[in-house]
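Engineer: Take a look at the following structure, please.
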Amino acid sequence: PIPELSLVTLLQNAVNSFGMSVCTIYEGETLTYQEIDQLSDRIARYLVSIGLKKGERVGILLPNTPAFVISYYGILKAGGVVMALNPGYRPQEIQALAEESGVRVMILPEAVYPKIKALQAETELDNFVVVGDAKSPIEQGDLAWDVLMEQFDNNRPIDVKIGPEDPAVFQYSGGTTGSPKCAVGLHRNLVANVHQFDQWLVNTETGKETVLVAIPAYHVYGMVLGVNLAIKLGARMVLIPNPMDLDRLLAAIQDYQASIFPGVPNP
């Protein structure tokens, strides 16, 4: 049986059961389920404050980091639709997808902020959230990640109703048969996929697993079987931003005793 619930409720269920347990591990630093919940609330409050309407798209242009997980659930809590993009895309590729999807907000690394900001006049992009040390000047209307986290650290309620039939993601294909094509994933679609894989992985124990998330979370495979499955299981999520760094990958397996590793076969 597949429950009729949203990804927001999926996270809340995990927080209720495993609030003080480790959720993410990144470069030796950890965040608990409760901390991920609270930090994603701040993203949601920010998006509501700038007038994001339910169903509007918010881009995430980040590798596998805690900021990706926090942004992902914050967008969903605000009623937004996640549009996760490959950080390796060139500006013109991002522009084409932004124009087609009508993405309003982009959460991105400081290193690419100036190049992507230059696309604003050609797209519907209104606001940027800049992750990392602010070496480039942040223009008016945009926010540095740390500033956002400080400004929206309050208890203001996020009064947005999210249901299973609401769209959760705009997921673009890799474009192997031409230009990338967009598939719309509803909350119930992703929740169903998570529950299906939870049944398929017969030897897992809720609250006791460690998922090695090296496959990119911007890809639907990494998003479902890495991030969302880990949340469903109340698992530790070991985030690897560069899956080609084999030394770091092997060290993470050894250090954290990963029990689940979503990956792809080497052709």
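All residue names refer to the structure tokens as shown: chains lettered A, B, ... in order, residues numbered from 1 in each chain, ligands numbered from 1 in order.
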Looking only at helix (DSSP H, G or I) from DSSP on the backbone, list the matching residues of segment 62-217 of chain A as a ChimeraX atom specification.
Structural biologist: /A:66-77,91-101,110-117,120-122,145-151,187-200
Engineer: List every residue of segment 3-197 of chain A that DSSP, applied to the backbone of this structure, assigns to strand (DSSP E), and report them as a PyMOL selection string.
Structural biologist: chain A and resi 22-26+29-32+57-60+81-84+105-109+127-131+143-144+167-172+182-186
Engineer: Nearest to Gly226 of chain A among A:Gly141, A:Pro164, A:Pro243, A:Pro262, with distances taken over only C-alpha atoms: which residue is it?
Structural biologist: A:Pro262
Engineer: Distance atom CA of Glu209 of chain A-atom CA of Ile162 of chain A, one decimal place?
Structural biologist: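 It comes out at 28.1 Å.
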Engineer: Do a neighbour search on Trp200 of chain A at 12 Å with only C-alpha atoms, toss out local chain neighbours closer than 5 positions, and write the hits as a ChimeraX atom specification.
Structural biologist: /A:193-195,225,229
Engineer: Counting only C-alpha atoms, what is within 12 Å of Lys54 of chain A, bar same-chain residues fewer than 3 positions away, as a PyMOL selection string?
Structural biologist: chain A and resi 44+47-48+51+57-58+75-82+104+159-163+166-168
Engineer: Would you write out those residues with N, CA and C atoms, as a tab-separated table (two decimals), in the first residue's frame?
Structural biologist:
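Now in again.tsv:
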```tsv
chain	number	residue	atom	x	y	z
A	44	ALA	N	11.82	28.33	3.30
A	44	ALA	CA	10.38	28.47	2.98
A	44	ALA	C	9.89	29.86	3.35
A	47	LEU	N	11.04	32.37	0.78
A	47	LEU	CA	10.31	32.27	-0.49
A	47	LEU	C	8.90	32.86	-0.36
A	48	VAL	N	8.25	32.59	0.76
A	48	VAL	CA	6.92	33.17	0.99
A	48	VAL	C	7.02	34.69	1.07
A	51	GLY	N	6.98	36.55	-2.13
A	51	GLY	CA	5.75	36.40	-2.91
A	51	GLY	C	5.69	35.19	-3.80
A	57	ARG	N	8.26	27.81	-9.92
A	57	ARG	CA	9.47	27.02	-9.93
A	57	ARG	C	10.64	27.75	-9.26
A	58	VAL	N	11.42	26.97	-8.51
A	58	VAL	CA	12.64	27.48	-7.87
A	58	VAL	C	13.78	26.55	-8.27
A	75	ILE	N	11.86	24.63	-0.43
A	75	ILE	CA	11.06	24.99	-1.60
A	75	ILE	C	9.70	24.28	-1.54
A	76	LEU	N	9.73	22.99	-1.22
A	76	LEU	CA	8.48	22.22	-1.16
A	76	LEU	C	7.56	22.74	-0.07
A	77	LYS	N	8.12	23.10	1.07
A	77	LYS	CA	7.30	23.63	2.17
A	77	LYS	C	6.60	24.93	1.78
A	78	ALA	N	7.25	25.72	0.92
A	78	ALA	CA	6.67	26.99	0.49
A	78	ALA	C	5.67	26.80	-0.65
A	79	GLY	N	5.47	25.56	-1.09
A	79	GLY	CA	4.56	25.30	-2.20
A	79	GLY	C	5.21	25.43	-3.56
A	80	GLY	N	6.52	25.65	-3.56
A	80	GLY	CA	7.24	25.77	-4.82
A	80	GLY	C	7.50	24.43	-5.47
A	81	VAL	N	7.94	24.48	-6.71
A	81	VAL	CA	8.30	23.29	-7.47
A	81	VAL	C	9.81	23.31	-7.66
A	82	VAL	N	10.46	22.25	-7.23
A	82	VAL	CA	11.92	22.15	-7.33
A	82	VAL	C	12.33	21.91	-8.77
A	104	ARG	N	11.62	31.23	-11.15
A	104	ARG	CA	11.62	32.58	-10.58
A	104	ARG	C	12.82	32.86	-9.70
A	159	ASP	N	2.19	29.07	6.22
A	159	ASP	CA	0.79	28.67	6.04
A	159	ASP	C	0.52	28.33	4.58
A	160	VAL	N	1.12	27.24	4.12
A	160	VAL	CA	0.91	26.77	2.75
A	160	VAL	C	0.47	25.31	2.83
A	161	LYS	N	-0.65	24.99	2.22
A	161	LYS	CA	-1.17	23.63	2.25
A	161	LYS	C	-0.61	22.85	1.05
A	162	ILE	N	0.10	21.76	1.35
A	162	ILE	CA	0.71	20.95	0.30
A	162	ILE	C	0.04	19.59	0.31
A	163	GLY	N	-0.43	19.15	-0.87
A	163	GLY	CA	-1.10	17.86	-0.96
A	163	GLY	C	-0.39	16.92	-1.92
A	166	ASP	N	-0.15	17.89	-5.66
A	166	ASP	CA	0.58	19.10	-6.07
A	166	ASP	C	1.88	18.73	-6.76
A	167	PRO	N	2.30	19.51	-7.76
A	167	PRO	CA	3.59	19.24	-8.40
A	167	PRO	C	4.73	19.49	-7.43
A	168	ALA	N	5.72	18.61	-7.45
A	168	ALA	CA	6.88	18.73	-6.57
A	168	ALA	C	8.14	19.10	-7.33
```
Engineer: Using only C-alpha atoms, which of the listed residues (A:Glu93, A:Gly207, A:Asn155, A:Leu85) sits closest to Val220 of chain A?
Structural biologist: A:Leu85
Engineer: Would you kindly return, as a ChimeraX atom specification, each protein, DNA or RNA residue with an atom no farther than 12 Å from any atom of Ile253 of chain A, considering only C-alpha atoms and excluding same-chain residues fewer than 5 positions away?
Structural biologist: /A:210-214,237-240,246-248,258-261
Engineer: Could those selected residues go to a file with N, CA, C and O atoms, as an mmCIF file, in the first residue's frame?
Structural biologist:
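That gives us again-v2.cif:
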```cif
data_model
loop_
_atom_site.group_PDB
_atom_site.id
_atom_site.type_symbol
_atom_site.label_atom_id
_atom_site.label_comp_id
_atom_site.auth_asym_id
_atom_site.auth_seq_id
_atom_site.Cartn_x
_atom_site.Cartn_y
_atom_site.Cartn_z
ATOM 1 N N THR A 210 22.751 3.856 6.686
ATOM 2 C CA THR A 210 23.583 4.974 6.234
ATOM 3 C C THR A 210 23.638 4.933 4.711
ATOM 4 O O THR A 210 24.100 3.937 4.136
ATOM 5 N N VAL A 211 23.141 5.981 4.073
ATOM 6 C CA VAL A 211 23.068 6.038 2.614
ATOM 7 C C VAL A 211 24.222 6.893 2.089
ATOM 8 O O VAL A 211 24.384 8.045 2.493
ATOM 9 N N LEU A 212 25.014 6.320 1.198
ATOM 10 C CA LEU A 212 26.096 7.063 0.559
ATOM 11 C C LEU A 212 25.519 7.761 -0.676
ATOM 12 O O LEU A 212 25.205 7.110 -1.675
ATOM 13 N N VAL A 213 25.332 9.085 -0.591
ATOM 14 C CA VAL A 213 24.712 9.844 -1.679
ATOM 15 C C VAL A 213 25.821 10.483 -2.509
ATOM 16 O O VAL A 213 26.196 11.632 -2.310
ATOM 17 N N ALA A 214 26.349 9.671 -3.422
ATOM 18 C CA ALA A 214 27.370 10.158 -4.354
ATOM 19 C C ALA A 214 26.755 10.453 -5.711
ATOM 20 O O ALA A 214 27.202 11.355 -6.422
ATOM 21 N N MET A 237 22.668 10.418 5.870
ATOM 22 C CA MET A 237 22.890 10.704 4.455
ATOM 23 C C MET A 237 24.311 11.262 4.303
ATOM 24 O O MET A 237 24.581 12.390 4.687
ATOM 25 N N VAL A 238 25.228 10.455 3.774
ATOM 26 C CA VAL A 238 26.610 10.903 3.566
ATOM 27 C C VAL A 238 26.686 11.542 2.184
ATOM 28 O O VAL A 238 26.541 10.861 1.166
ATOM 29 N N LEU A 239 26.883 12.860 2.149
ATOM 30 C CA LEU A 239 26.816 13.612 0.894
ATOM 31 C C LEU A 239 28.207 13.753 0.273
ATOM 32 O O LEU A 239 29.139 14.270 0.898
ATOM 33 N N ILE A 240 28.323 13.293 -0.977
ATOM 34 C CA ILE A 240 29.575 13.355 -1.727
ATOM 35 C C ILE A 240 29.362 14.284 -2.921
ATOM 36 O O ILE A 240 28.611 13.951 -3.842
ATOM 37 N N LEU A 246 37.394 9.103 -6.215
ATOM 38 C CA LEU A 246 37.266 7.750 -5.684
ATOM 39 C C LEU A 246 37.894 7.596 -4.306
ATOM 40 O O LEU A 246 37.409 6.826 -3.475
ATOM 41 N N ASP A 247 38.996 8.305 -4.048
ATOM 42 C CA ASP A 247 39.626 8.216 -2.725
ATOM 43 C C ASP A 247 38.653 8.688 -1.639
ATOM 44 O O ASP A 247 38.528 8.071 -0.582
ATOM 45 N N ARG A 248 37.980 9.809 -1.923
ATOM 46 C CA ARG A 248 37.021 10.345 -0.952
ATOM 47 C C ARG A 248 35.825 9.411 -0.814
ATOM 48 O O ARG A 248 35.293 9.224 0.291
ATOM 49 N N ALA A 258 28.793 2.824 5.216
ATOM 50 C CA ALA A 258 27.583 2.986 4.410
ATOM 51 C C ALA A 258 26.944 1.629 4.144
ATOM 52 O O ALA A 258 27.629 0.659 3.804
ATOM 53 N N SER A 259 25.634 1.572 4.306
ATOM 54 C CA SER A 259 24.907 0.314 4.094
ATOM 55 C C SER A 259 24.104 0.310 2.797
ATOM 56 O O SER A 259 23.680 -0.744 2.325
ATOM 57 N N ILE A 260 23.849 1.494 2.235
ATOM 58 C CA ILE A 260 23.118 1.628 0.975
ATOM 59 C C ILE A 260 23.892 2.566 0.076
ATOM 60 O O ILE A 260 24.289 3.669 0.490
ATOM 61 N N PHE A 261 24.140 2.130 -1.164
ATOM 62 C CA PHE A 261 24.916 2.951 -2.099
ATOM 63 C C PHE A 261 24.221 2.932 -3.454
ATOM 64 O O PHE A 261 24.455 2.046 -4.268
#
```
Engineer: Mind checking which residues fall within 9 Å of Leu108 of chain A, counting only C-alpha atoms, ignoring those fewer than 3 positions away in the same chain, and posting them as a list in words?
Structural biologist: Gly59, Ile60, Leu61, Leu62, Pro87, Ala111, Val112, Tyr113, Ile116, Phe128, Val129, Val130, Val131 and Gly132 of chain A
Engineer: Could you turn the residues from that selection into a file that holds N, CA, C and O atoms, as a tab-separated table (two decimals), in the first residue's frame?
Structural biologist:
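Output saved as again_14.tsv:
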```
chain	number	residue	atom	x	y	z
A	59	GLY	N	14.85	27.13	-8.81
A	59	GLY	CA	15.98	26.34	-9.26
A	59	GLY	C	16.98	26.07	-8.16
A	59	GLY	O	17.24	26.92	-7.31
A	60	ILE	N	17.56	24.88	-8.18
A	60	ILE	CA	18.69	24.53	-7.31
A	60	ILE	C	19.85	24.15	-8.23
A	60	ILE	O	19.76	23.18	-8.97
A	61	LEU	N	20.92	24.92	-8.16
A	61	LEU	CA	22.09	24.67	-9.00
A	61	LEU	C	23.27	24.33	-8.09
A	61	LEU	O	24.25	25.05	-8.02
A	62	LEU	N	23.12	23.22	-7.35
A	62	LEU	CA	24.10	22.87	-6.33
A	62	LEU	C	24.49	21.40	-6.44
A	62	LEU	O	23.68	20.56	-6.84
A	87	PRO	N	24.97	21.41	-11.96
A	87	PRO	CA	25.88	22.55	-11.79
A	87	PRO	C	26.91	22.69	-12.90
A	87	PRO	O	27.52	23.75	-13.05
A	111	ALA	N	30.44	30.92	-6.90
A	111	ALA	CA	31.38	30.90	-8.03
A	111	ALA	C	30.70	31.18	-9.37
A	111	ALA	O	31.34	31.73	-10.28
A	112	VAL	N	29.42	30.81	-9.50
A	112	VAL	CA	28.74	31.00	-10.78
A	112	VAL	C	27.72	32.13	-10.74
A	112	VAL	O	27.06	32.41	-11.75
A	113	TYR	N	27.57	32.75	-9.58
A	113	TYR	CA	26.56	33.81	-9.43
A	113	TYR	C	26.68	34.91	-10.48
A	113	TYR	O	25.67	35.26	-11.12
A	116	ILE	N	25.38	33.65	-13.98
A	116	ILE	CA	23.95	33.35	-14.04
A	116	ILE	C	23.13	34.60	-13.80
A	116	ILE	O	22.05	34.78	-14.39
A	128	PHE	N	18.03	35.67	-6.45
A	128	PHE	CA	19.08	34.67	-6.32
A	128	PHE	C	19.46	34.53	-4.86
A	128	PHE	O	19.52	35.51	-4.12
A	129	VAL	N	19.72	33.28	-4.45
A	129	VAL	CA	20.30	33.00	-3.13
A	129	VAL	C	21.69	32.43	-3.39
A	129	VAL	O	21.84	31.43	-4.11
A	130	VAL	N	22.70	33.07	-2.81
A	130	VAL	CA	24.09	32.77	-3.13
A	130	VAL	C	24.73	32.00	-1.99
A	130	VAL	O	24.83	32.49	-0.86
A	131	VAL	N	25.16	30.78	-2.30
A	131	VAL	CA	25.74	29.89	-1.29
A	131	VAL	C	27.26	29.98	-1.36
A	131	VAL	O	27.85	29.84	-2.43
A	132	GLY	N	27.88	30.19	-0.20
A	132	GLY	CA	29.34	30.23	-0.14
A	132	GLY	C	29.85	31.59	0.26
A	132	GLY	O	29.07	32.52	0.52
```
Engineer: A:Tyr218, A:Val224, A:Arg188, A:Ile94: which is nearest Glu4 of chain A, counting only C-alpha atoms?
Structural biologist: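 Closest candidate: A:Arg188.
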Engineer: Using only C-alpha atoms, can you tell me which of A:Asn16, A:Gln257, A:Ser49, A:Ser136 comes closest to Arg236 of chain A?
Structural biologist: A:Gln257
Engineer: Find the residues near Thr24 of chain A: any atom within 9 Å, counting only C-alpha atoms, skip ones fewer than 5 places away on the same chain, and give them as a compact mmCIF listing (two decimals) with N, CA, C and O atoms, in the first residue's frame.
Structural biologist:
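The resulting file, out10.txt, is reproduced below:
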```txt
# COMPACT_ATOMS: atom_id res chain seq x y z
N GLU A 29 31.05 17.18 9.07
CA GLU A 29 30.09 17.92 9.88
C GLU A 29 28.69 17.31 9.71
O GLU A 29 28.34 16.83 8.64
N THR A 30 27.94 17.34 10.79
CA THR A 30 26.62 16.70 10.77
C THR A 30 25.50 17.69 11.06
O THR A 30 25.71 18.71 11.74
N LEU A 31 24.33 17.38 10.55
CA LEU A 31 23.09 18.08 10.89
C LEU A 31 22.05 17.03 11.24
O LEU A 31 21.95 16.00 10.56
N THR A 32 21.28 17.29 12.27
CA THR A 32 20.23 16.35 12.67
C THR A 32 18.97 16.58 11.83
O THR A 32 18.85 17.59 11.12
N TYR A 33 18.04 15.66 11.94
CA TYR A 33 16.76 15.81 11.26
C TYR A 33 16.05 17.09 11.72
O TYR A 33 15.46 17.81 10.91
N ILE A 36 17.78 20.08 10.00
CA ILE A 36 17.39 20.16 8.59
C ILE A 36 15.98 20.74 8.47
O ILE A 36 15.70 21.59 7.60
N THR A 65 25.27 18.66 -1.29
CA THR A 65 25.68 19.35 -0.07
C THR A 65 24.46 19.49 0.84
O THR A 65 23.32 19.34 0.38
N PRO A 66 24.66 19.81 2.12
CA PRO A 66 23.50 20.06 2.97
C PRO A 66 22.61 21.18 2.44
O PRO A 66 21.39 21.13 2.60
N VAL A 69 19.89 19.75 0.24
CA VAL A 69 18.81 19.09 0.98
C VAL A 69 17.92 20.13 1.65
O VAL A 69 16.69 20.05 1.60
N ALA A 235 17.54 7.63 7.86
CA ALA A 235 18.93 7.21 7.72
C ALA A 235 19.89 8.39 7.78
O ALA A 235 19.50 9.55 7.63
N ARG A 236 21.16 8.08 7.99
CA ARG A 236 22.21 9.08 7.82
C ARG A 236 22.50 9.20 6.33
O ARG A 236 22.58 8.20 5.61
N MET A 237 22.67 10.42 5.87
CA MET A 237 22.89 10.70 4.46
C MET A 237 24.31 11.26 4.30
O MET A 237 24.58 12.39 4.69
N VAL A 238 25.23 10.45 3.77
CA VAL A 238 26.61 10.90 3.57
C VAL A 238 26.69 11.54 2.18
O VAL A 238 26.54 10.86 1.17
N LEU A 239 26.88 12.86 2.15
CA LEU A 239 26.82 13.61 0.89
C LEU A 239 28.21 13.75 0.27
O LEU A 239 29.14 14.27 0.90
```
Engineer: One number please: atom CA of Ser40 of chain A to atom CA of Tyr72 of chain A, in Å, one decimal.
Structural biologist: 7.8 Å
Engineer: I need the residue nearest Ser71 of chain A from this list: A:Val191, A:Val264, A:Ala217, A:Ala183. Use only C-alpha atoms for the distance.
Structural biologist: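 Nearest to Ser71 of chain A: A:Ala217.
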